Amino acid sequence: MITPGEKRSSERYSVHCLVTFAEQQGWSRDISATGMYFLSPQKLEPKQLIGMTIHLNREPAMQCKGKVIRTEEQPNGYGVAVQFTDLAIAA
């Protein structure tokens with residue numbers, strides 16, 4: 001849901017799925033057409049470019065690249081907001 005005053009251009013959907021990146025794994029909190037928010041065991045820096053695989057509980061998985069928008073310290077790691085720069089369905 002997009003609320004007044006938000007900078008987002010796409011509606012977010014609450015999705016809990018595995019996200020793998022840089023030999024790490026985390027879990028998504030929400031996803032939209034333009035980005036996602038996931039929990040990571042490691043801190044990622046703003047503007048960092050990362051490659052990810054999103055496992056949407058079915059095959060094939062979605063391969064994507066994104067730019068870290070922000071990282072927030074959480075009790076069990078870090079919350080990471082990523083803006084997608086490239087999306088593809090894995091073969």
# chains A, B, ... in the order shown; residues from 1 in each chain; ligands from 1
>>> residues_around(residues="stretch 50-56 of chain A", least_positions_apart="6", cutoff="6 Å", atoms="only C-alpha atoms", output="list in words")
Cys17, Leu18, Val19, Thr20, Phe21, Met62, Gln63, Cys64, Lys65 and Gly66 of chain A
>>> write_last_selection(atoms="N, CA and C atoms", output="PDB file, in the first residue's frame")
ATOM      1  N   CYS A  17      10.254 -14.600   1.486  1.00  0.00           N
ATOM      2  CA  CYS A  17      10.926 -15.621   0.685  1.00  0.00           C
ATOM      3  C   CYS A  17      12.440 -15.491   0.855  1.00  0.00           C
ATOM      4  N   LEU A  18      13.145 -16.543   0.489  1.00  0.00           N
ATOM      5  CA  LEU A  18      14.600 -16.589   0.588  1.00  0.00           C
ATOM      6  C   LEU A  18      15.231 -15.675  -0.458  1.00  0.00           C
ATOM      7  N   VAL A  19      16.235 -14.908  -0.023  1.00  0.00           N
ATOM      8  CA  VAL A  19      17.029 -14.059  -0.917  1.00  0.00           C
ATOM      9  C   VAL A  19      18.489 -14.445  -0.719  1.00  0.00           C
ATOM     10  N   THR A  20      19.174 -14.829  -1.794  1.00  0.00           N
ATOM     11  CA  THR A  20      20.587 -15.160  -1.690  1.00  0.00           C
ATOM     12  C   THR A  20      21.403 -14.107  -2.437  1.00  0.00           C
ATOM     13  N   PHE A  21      22.574 -13.773  -1.874  1.00  0.00           N
ATOM     14  CA  PHE A  21      23.432 -12.738  -2.441  1.00  0.00           C
ATOM     15  C   PHE A  21      24.816 -12.870  -1.829  1.00  0.00           C
ATOM     16  N   MET A  62      14.138 -15.821  -9.455  1.00  0.00           N
ATOM     17  CA  MET A  62      14.317 -14.556 -10.153  1.00  0.00           C
ATOM     18  C   MET A  62      15.714 -14.016  -9.863  1.00  0.00           C
ATOM     19  N   GLN A  63      16.499 -13.802 -10.901  1.00  0.00           N
ATOM     20  CA  GLN A  63      17.827 -13.210 -10.780  1.00  0.00           C
ATOM     21  C   GLN A  63      17.672 -11.701 -10.927  1.00  0.00           C
ATOM     22  N   CYS A  64      18.341 -10.938 -10.089  1.00  0.00           N
ATOM     23  CA  CYS A  64      18.250  -9.492 -10.221  1.00  0.00           C
ATOM     24  C   CYS A  64      19.503  -8.815  -9.707  1.00  0.00           C
ATOM     25  N   LYS A  65      19.646  -7.587 -10.125  1.00  0.00           N
ATOM     26  CA  LYS A  65      20.704  -6.727  -9.628  1.00  0.00           C
ATOM     27  C   LYS A  65      20.017  -5.514  -9.041  1.00  0.00           C
ATOM     28  N   GLY A  66      20.660  -4.922  -8.037  1.00  0.00           N
ATOM     29  CA  GLY A  66      20.048  -3.763  -7.417  1.00  0.00           C
ATOM     30  C   GLY A  66      21.068  -2.873  -6.735  1.00  0.00           C
TER      31      GLY A  66
END
>>> atom_distance(atom1="atom CA of A:Glu73", atom2="atom CA of A:Thr34")
22.6 Å
>>> residues_around(residues="A:Ser40", least_positions_apart="5", cutoff="7 Å", atoms="only C-alpha atoms", output="mmCIF file with N, CA and C atoms, in the first residue's frame")
data_model
loop_
_atom_site.group_PDB
_atom_site.id
_atom_site.type_symbol
_atom_site.label_atom_id
_atom_site.label_comp_id
_atom_site.auth_asym_id
_atom_site.auth_seq_id
_atom_site.Cartn_x
_atom_site.Cartn_y
_atom_site.Cartn_z
ATOM 1 N N GLN A 25 22.607 -15.322 2.771
ATOM 2 C CA GLN A 25 21.175 -15.450 2.536
ATOM 3 C C GLN A 25 20.412 -14.640 3.557
ATOM 4 N N GLY A 26 19.261 -14.164 3.139
ATOM 5 C CA GLY A 26 18.383 -13.394 4.000
ATOM 6 C C GLY A 26 16.947 -13.694 3.631
ATOM 7 N N GLY A 77 20.233 -8.636 12.708
ATOM 8 C CA GLY A 77 20.981 -8.360 11.480
ATOM 9 C C GLY A 77 20.705 -6.955 10.986
ATOM 10 N N TYR A 78 20.460 -6.852 9.681
ATOM 11 C CA TYR A 78 20.254 -5.545 9.057
ATOM 12 C C TYR A 78 19.079 -5.604 8.091
ATOM 13 N N GLY A 79 18.268 -4.570 8.096
ATOM 14 C CA GLY A 79 17.217 -4.413 7.101
ATOM 15 C C GLY A 79 17.815 -3.655 5.926
ATOM 16 N N VAL A 80 17.605 -4.180 4.716
ATOM 17 C CA VAL A 80 18.214 -3.585 3.528
ATOM 18 C C VAL A 80 17.131 -3.252 2.510
#
>>> select_by_dssp(residues="chain A", states="strand (DSSP E or B)", output="ChimeraX atom specification")
/A:13-14,18-21,24-31,35-40,49-55,62-74,77-89
>>> write_last_selection(atoms="N, CA and C atoms", output="compact mmCIF listing (two decimals), in the first residue's frame")
# COMPACT_ATOMS: atom_id res chain seq x y z
N TYR A 13 4.21 -5.36 -1.67
CA TYR A 13 3.48 -6.57 -1.28
C TYR A 13 4.29 -7.29 -0.22
N SER A 14 3.64 -7.70 0.84
CA SER A 14 4.30 -8.44 1.90
C SER A 14 4.60 -9.85 1.39
N LEU A 18 13.15 -16.54 0.49
CA LEU A 18 14.60 -16.59 0.59
C LEU A 18 15.23 -15.67 -0.46
N VAL A 19 16.24 -14.91 -0.02
CA VAL A 19 17.03 -14.06 -0.92
C VAL A 19 18.49 -14.45 -0.72
N THR A 20 19.17 -14.83 -1.79
CA THR A 20 20.59 -15.16 -1.69
C THR A 20 21.40 -14.11 -2.44
N PHE A 21 22.57 -13.77 -1.87
CA PHE A 21 23.43 -12.74 -2.44
C PHE A 21 24.82 -12.87 -1.83
N GLN A 24 25.68 -15.14 0.86
CA GLN A 24 24.89 -14.93 2.08
C GLN A 24 23.44 -15.25 1.75
N GLN A 25 22.61 -15.32 2.77
CA GLN A 25 21.17 -15.45 2.54
C GLN A 25 20.41 -14.64 3.56
N GLY A 26 19.26 -14.16 3.14
CA GLY A 26 18.38 -13.39 4.00
C GLY A 26 16.95 -13.69 3.63
N TRP A 27 16.02 -12.96 4.25
CA TRP A 27 14.59 -13.18 4.02
C TRP A 27 13.91 -11.87 3.70
N SER A 28 13.10 -11.88 2.66
CA SER A 28 12.41 -10.67 2.25
C SER A 28 11.30 -10.32 3.24
N ARG A 29 11.00 -9.03 3.32
CA ARG A 29 9.86 -8.55 4.09
C ARG A 29 8.76 -8.07 3.15
N ASP A 30 9.18 -7.31 2.12
CA ASP A 30 8.22 -6.88 1.11
C ASP A 30 8.94 -6.66 -0.21
N ILE A 31 8.13 -6.62 -1.28
CA ILE A 31 8.67 -6.48 -2.63
C ILE A 31 7.70 -5.65 -3.45
N GLY A 35 11.62 -2.57 -6.34
CA GLY A 35 12.60 -2.89 -5.31
C GLY A 35 12.08 -3.82 -4.25
N MET A 36 12.88 -4.01 -3.22
CA MET A 36 12.48 -4.89 -2.13
C MET A 36 13.20 -4.50 -0.85
N TYR A 37 12.69 -5.03 0.27
CA TYR A 37 13.29 -4.85 1.58
C TYR A 37 13.51 -6.25 2.12
N PHE A 38 14.74 -6.53 2.56
CA PHE A 38 15.01 -7.86 3.12
C PHE A 38 15.93 -7.75 4.32
N LEU A 39 15.94 -8.81 5.12
CA LEU A 39 16.80 -8.89 6.29
C LEU A 39 18.07 -9.63 5.92
N SER A 40 19.20 -9.04 6.28
CA SER A 40 20.52 -9.56 5.91
C SER A 40 21.36 -9.80 7.16
N LEU A 49 26.21 -1.90 -5.22
CA LEU A 49 25.51 -2.70 -6.21
C LEU A 49 25.65 -4.17 -5.84
N ILE A 50 24.53 -4.90 -5.86
CA ILE A 50 24.57 -6.31 -5.50
C ILE A 50 23.77 -7.14 -6.51
N GLY A 51 24.18 -8.40 -6.66
CA GLY A 51 23.42 -9.38 -7.43
C GLY A 51 22.66 -10.26 -6.44
N MET A 52 21.42 -10.58 -6.74
CA MET A 52 20.58 -11.36 -5.83
C MET A 52 19.81 -12.41 -6.61
N THR A 53 19.44 -13.47 -5.91
CA THR A 53 18.48 -14.43 -6.42
C THR A 53 17.32 -14.46 -5.44
N ILE A 54 16.12 -14.25 -5.96
CA ILE A 54 14.91 -14.24 -5.14
C ILE A 54 14.18 -15.55 -5.41
N HIS A 55 14.02 -16.35 -4.36
CA HIS A 55 13.39 -17.67 -4.46
C HIS A 55 11.92 -17.51 -4.04
N MET A 62 14.14 -15.82 -9.45
CA MET A 62 14.32 -14.56 -10.15
C MET A 62 15.71 -14.02 -9.86
N GLN A 63 16.50 -13.80 -10.90
CA GLN A 63 17.83 -13.21 -10.78
C GLN A 63 17.67 -11.70 -10.93
N CYS A 64 18.34 -10.94 -10.09
CA CYS A 64 18.25 -9.49 -10.22
C CYS A 64 19.50 -8.82 -9.71
N LYS A 65 19.65 -7.59 -10.12
CA LYS A 65 20.70 -6.73 -9.63
C LYS A 65 20.02 -5.51 -9.04
N GLY A 66 20.66 -4.92 -8.04
CA GLY A 66 20.05 -3.76 -7.42
C GLY A 66 21.07 -2.87 -6.74
N LYS A 67 20.59 -1.69 -6.38
CA LYS A 67 21.41 -0.72 -5.67
C LYS A 67 20.84 -0.56 -4.26
N VAL A 68 21.70 -0.68 -3.26
CA VAL A 68 21.27 -0.52 -1.87
C VAL A 68 20.90 0.95 -1.65
N ILE A 69 19.68 1.17 -1.19
CA ILE A 69 19.20 2.52 -0.91
C ILE A 69 19.49 2.90 0.54
N ARG A 70 19.25 1.95 1.45
CA ARG A 70 19.55 2.20 2.86
C ARG A 70 19.67 0.87 3.60
N THR A 71 20.37 0.92 4.73
CA THR A 71 20.52 -0.23 5.61
C THR A 71 20.17 0.22 7.02
N GLU A 72 19.36 -0.58 7.72
CA GLU A 72 18.92 -0.26 9.08
C GLU A 72 19.30 -1.40 10.01
N GLU A 73 19.93 -1.07 11.12
CA GLU A 73 20.29 -2.10 12.09
C GLU A 73 19.01 -2.66 12.71
N GLN A 74 18.93 -3.99 12.77
CA GLN A 74 17.79 -4.71 13.32
C GLN A 74 18.30 -5.64 14.43
N GLY A 77 20.23 -8.64 12.71
CA GLY A 77 20.98 -8.36 11.48
C GLY A 77 20.70 -6.95 10.99
N TYR A 78 20.46 -6.85 9.68
CA TYR A 78 20.25 -5.54 9.06
C TYR A 78 19.08 -5.60 8.09
N GLY A 79 18.27 -4.57 8.10
CA GLY A 79 17.22 -4.41 7.10
C GLY A 79 17.82 -3.66 5.93
N VAL A 80 17.61 -4.18 4.72
CA VAL A 80 18.21 -3.59 3.53
C VAL A 80 17.13 -3.25 2.51
N ALA A 81 17.09 -1.98 2.09
CA ALA A 81 16.19 -1.55 1.02
C ALA A 81 16.99 -1.49 -0.27
N VAL A 82 16.52 -2.17 -1.31
CA VAL A 82 17.22 -2.24 -2.58
C VAL A 82 16.29 -1.78 -3.70
N GLN A 83 16.83 -0.98 -4.60
CA GLN A 83 16.13 -0.58 -5.81
C GLN A 83 16.65 -1.47 -6.95
N PHE A 84 15.73 -2.16 -7.66
CA PHE A 84 16.15 -3.04 -8.75
C PHE A 84 16.74 -2.23 -9.90
N THR A 85 17.83 -2.77 -10.48
CA THR A 85 18.41 -2.18 -11.68
C THR A 85 18.31 -3.13 -12.87
N ASP A 86 18.08 -4.43 -12.59
CA ASP A 86 17.97 -5.43 -13.65
C ASP A 86 17.26 -6.65 -13.09
N LEU A 87 16.30 -7.21 -13.85
CA LEU A 87 15.54 -8.39 -13.42
C LEU A 87 15.53 -9.43 -14.53
N ALA A 88 15.61 -10.71 -14.15
CA ALA A 88 15.51 -11.81 -15.12
C ALA A 88 15.03 -13.07 -14.41
N ILE A 89 14.36 -13.93 -15.13
CA ILE A 89 13.95 -15.23 -14.59
C ILE A 89 15.09 -16.20 -14.85
>>> closest_residue(among="A:Lys43, A:Glu59, A:Ala33, A:Pro75", to="A:Glu11", atoms="only C-alpha atoms")
A:Ala33
